[in-house]
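J.: Mind having a look at this structure? Questions to follow.
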Amino acid sequence: MMEGKGSRPYRTARLDENFKKQQAEEEVVEPEDTIKSQSTSSTVEQEPFMGMKVRRRSSMYRPQNSDYIEAASNDKIHKLLTKQGDRQILFAESLMKVTRRGRLARRILLITDVALYVIDPQFYSVKRRVSLLSISKLCLSECSDNFFAIIIPQEYDTLFASARKSEIVTVLVDAHKKLNRNAEPLEVSFQNQFEYYLDSEHIREVITEQIEGGVKTRFVDK
């Protein structure tokens, strides 16, 4: 993303309060889901979700519509969506979310016709709901590292790791276009170095490089 180092002044105090509460809850993760850390920099190499081949950009636009966890037949998820008024599930899977401390927390990512949900897989509680039209950009590297950032300017951004990130990006781009055909297409940025906001002021840089035998990804907090 490589934005300036300034803060996002339009975030409200309420958003900051909700963000801090959510971050505190998300720091409870399984020990095996911890990324190796070195001071303010973390490195991931040869993790199970890391690929070995460079992804072709053309694969981003293959038509997809998948529910990998049978969310459509899950009564708890159905109840959540009915309450919010969502009509259709476009994508659902279990993946990893990178927390503020650089750890990996298991989450359910659910994309409907109008919103993106981050759901706790144990209690099926909604950790976050984001309108698709509030997403401004998707950031991912040119390598097969499986990390991708969802940029939400009015709030804070989120970094995920999934072997299906190409499909996720395709679904988000298509859904965004259907919601507002007169708007600019959702931007998809391919860079081996990009930044995302952890909160209104703190930025994390994601650095990916191809190395012999695989891919190395580093996180640097600024």
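Ligands are numbered from 1 in the order shown, chains are lettered A, B, ... in the order of the structure tokens, and residues start at 1 in each chain.
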At a cut-off of 7 Å, using only C-alpha atoms, what residues contact segment 197-208 of chain A? Leave out same-chain residues fewer than 5 positions from it and give the result as an NGL selection string.
T.: :A and (7-8 or 11 or 100 or 141 or 156-157 or 192 or 216-222)
J.: Which residues come within 12 Å of Leu172 of chain A, counting only C-alpha atoms, excluding same-chain residues fewer than 5 positions away, as a ChimeraX atom specification?
T.: /A:60-61,63-65,89-92,109-116,130-138,150,165-167,177-179,185-188
J.: Put those residues in a file: N, CA and C atoms, as a compact mmCIF listing (two decimals), in the first residue's frame.
T.:
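Listing of result.txt after writing:
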```txt
# COMPACT_ATOMS: atom_id res chain seq x y z
N MET A 60 -6.48 -14.84 -10.76
CA MET A 60 -7.28 -14.02 -9.88
C MET A 60 -8.72 -13.91 -10.37
N TYR A 61 -8.94 -14.11 -11.66
CA TYR A 61 -10.24 -13.77 -12.22
C TYR A 61 -11.01 -14.98 -12.73
N PRO A 63 -13.92 -17.54 -12.34
CA PRO A 63 -15.18 -17.48 -11.58
C PRO A 63 -15.24 -18.53 -10.48
N GLN A 64 -15.59 -18.10 -9.27
CA GLN A 64 -15.66 -19.01 -8.13
C GLN A 64 -16.90 -18.68 -7.31
N ASN A 65 -17.40 -19.64 -6.59
CA ASN A 65 -18.50 -19.42 -5.66
C ASN A 65 -18.53 -20.62 -4.73
N ILE A 89 -24.67 -16.38 0.59
CA ILE A 89 -23.28 -16.66 0.95
C ILE A 89 -22.49 -16.91 -0.33
N LEU A 90 -21.47 -16.09 -0.56
CA LEU A 90 -20.66 -16.22 -1.76
C LEU A 90 -19.40 -17.04 -1.51
N PHE A 91 -18.90 -16.99 -0.27
CA PHE A 91 -17.66 -17.70 0.06
C PHE A 91 -17.61 -17.91 1.56
N ALA A 92 -17.08 -19.07 1.96
CA ALA A 92 -16.89 -19.34 3.39
C ALA A 92 -15.78 -20.37 3.56
N LEU A 109 -13.87 -16.92 7.65
CA LEU A 109 -14.11 -15.77 6.78
C LEU A 109 -15.35 -16.07 5.96
N LEU A 110 -16.32 -15.18 6.05
CA LEU A 110 -17.58 -15.36 5.36
C LEU A 110 -17.84 -14.13 4.50
N ILE A 111 -18.10 -14.33 3.22
CA ILE A 111 -18.41 -13.23 2.32
C ILE A 111 -19.83 -13.43 1.80
N THR A 112 -20.66 -12.43 2.03
CA THR A 112 -22.04 -12.49 1.53
C THR A 112 -22.21 -11.49 0.40
N ASP A 113 -23.44 -11.31 -0.04
CA ASP A 113 -23.72 -10.37 -1.13
C ASP A 113 -23.51 -8.92 -0.73
N VAL A 114 -23.43 -8.64 0.59
CA VAL A 114 -23.29 -7.24 1.02
C VAL A 114 -22.17 -7.00 2.03
N ALA A 115 -21.62 -8.04 2.64
CA ALA A 115 -20.66 -7.81 3.73
C ALA A 115 -19.64 -8.93 3.84
N LEU A 116 -18.58 -8.60 4.59
CA LEU A 116 -17.55 -9.58 4.94
C LEU A 116 -17.62 -9.79 6.45
N VAL A 130 -17.97 -6.12 8.04
CA VAL A 130 -17.53 -4.99 7.23
C VAL A 130 -18.37 -4.95 5.96
N SER A 131 -18.96 -3.81 5.67
CA SER A 131 -19.68 -3.63 4.41
C SER A 131 -18.70 -3.76 3.25
N LEU A 132 -19.09 -4.47 2.21
CA LEU A 132 -18.19 -4.64 1.07
C LEU A 132 -17.83 -3.31 0.42
N LEU A 133 -18.75 -2.36 0.46
CA LEU A 133 -18.48 -1.07 -0.16
C LEU A 133 -17.51 -0.21 0.64
N SER A 134 -17.22 -0.59 1.89
CA SER A 134 -16.25 0.16 2.69
C SER A 134 -14.82 -0.33 2.44
N ILE A 135 -14.66 -1.42 1.71
CA ILE A 135 -13.33 -1.93 1.36
C ILE A 135 -12.82 -1.15 0.17
N SER A 136 -11.60 -0.62 0.27
CA SER A 136 -11.06 0.20 -0.81
C SER A 136 -9.98 -0.51 -1.62
N LYS A 137 -9.32 -1.49 -1.01
CA LYS A 137 -8.19 -2.11 -1.70
C LYS A 137 -7.89 -3.48 -1.10
N LEU A 138 -7.33 -4.35 -1.93
CA LEU A 138 -6.82 -5.64 -1.50
C LEU A 138 -5.35 -5.70 -1.85
N ILE A 150 -6.82 -6.74 3.66
CA ILE A 150 -8.05 -6.06 3.27
C ILE A 150 -8.01 -4.65 3.85
N LYS A 165 -6.50 -17.56 -1.33
CA LYS A 165 -6.60 -16.10 -1.37
C LYS A 165 -6.96 -15.58 -2.76
N SER A 166 -6.54 -16.26 -3.83
CA SER A 166 -6.92 -15.82 -5.18
C SER A 166 -8.42 -15.88 -5.37
N GLU A 167 -9.03 -16.94 -4.86
CA GLU A 167 -10.48 -17.07 -4.96
C GLU A 167 -11.19 -16.02 -4.11
N LYS A 177 -18.42 -5.07 -7.33
CA LYS A 177 -18.91 -4.53 -8.60
C LYS A 177 -20.42 -4.63 -8.71
N LYS A 178 -20.99 -5.76 -8.26
CA LYS A 178 -22.44 -5.95 -8.34
C LYS A 178 -23.19 -5.00 -7.42
N LEU A 179 -22.58 -4.65 -6.29
CA LEU A 179 -23.24 -3.75 -5.35
C LEU A 179 -23.32 -2.32 -5.87
N PRO A 185 -13.82 -0.03 -9.90
CA PRO A 185 -13.60 -1.42 -9.47
C PRO A 185 -12.72 -1.46 -8.22
N LEU A 186 -12.95 -2.46 -7.40
CA LEU A 186 -12.14 -2.63 -6.20
C LEU A 186 -10.69 -2.84 -6.62
N GLU A 187 -9.80 -2.04 -6.04
CA GLU A 187 -8.39 -2.09 -6.44
C GLU A 187 -7.71 -3.33 -5.86
N VAL A 188 -6.95 -4.01 -6.70
CA VAL A 188 -6.14 -5.15 -6.27
C VAL A 188 -4.68 -4.80 -6.54
```
J.: For the structure I just gave you, how does DSSP split segment 56-190 of chain A - specifically, which residues are strand (DSSP E)? Reply as a PyMOL selection string.
T.: chain A and resi 66-67+89-98+104-112+115-119+126-131+137-140+147-151+158-161+187-190
J.: Residues at most 10 Å from Gln122 of chain A, counting only C-alpha atoms, excluding those fewer than 5 positions away in the same chain, as a list of chain:residue names?
T.: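 In the requested format, the answer is A:Arg106, A:Arg107, A:Ile108.
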J.: Between A:Ala183, A:Cys139, A:Ile69, A:Ala105, single out the one closest to Lys127 of chain A, counting only C-alpha atoms.
T.: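 Distance minimum relative to Lys127 of chain A lands on A:Ala105.
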J.: Interatomic distance between atom CA of Val98 of chain A and atom CA of Leu159 of chain A?
T.: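 The value is 5.5 Å.
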J.: Could you please determine the separation between atom CA of Lys79 of chain A and atom CA of Asp67 of chain A in Å, to one decimal place?
T.: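 One can read the atom CA of Lys79 of chain A to atom CA of Asp67 of chain A distance as 16.7 Å.
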J.: DSSP on the backbone, then: every residue of segment 114-215 of chain A marked alpha helix (DSSP H), written as a list in words.
T.: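 For segment 114-215 of chain A, the alpha helix (DSSP H) set is Lys165, Ser166, Glu167, Ile168, Val169, Thr170, Val171, Leu172, Val173, Asp174, Ala175, His176, Lys177, Lys178 and Leu179 of chain A.
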J.: Given the choices A:Met96, A:Cys143, A:Arg129, A:Ala149, which gets closest to Gln84 of chain A if the distance is worked out from only C-alpha atoms?
T.: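 Looking only at the distances to Gln84 of chain A, the closest residue turns out to be A:Arg129.
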J.: Mind pulling up the distance from atom CA of Leu95 of chain A to atom CA of Ser162 of chain A?
T.: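 One can read the atom CA of Ser162 of chain A to atom CA of Leu95 of chain A distance as 5.6 Å.
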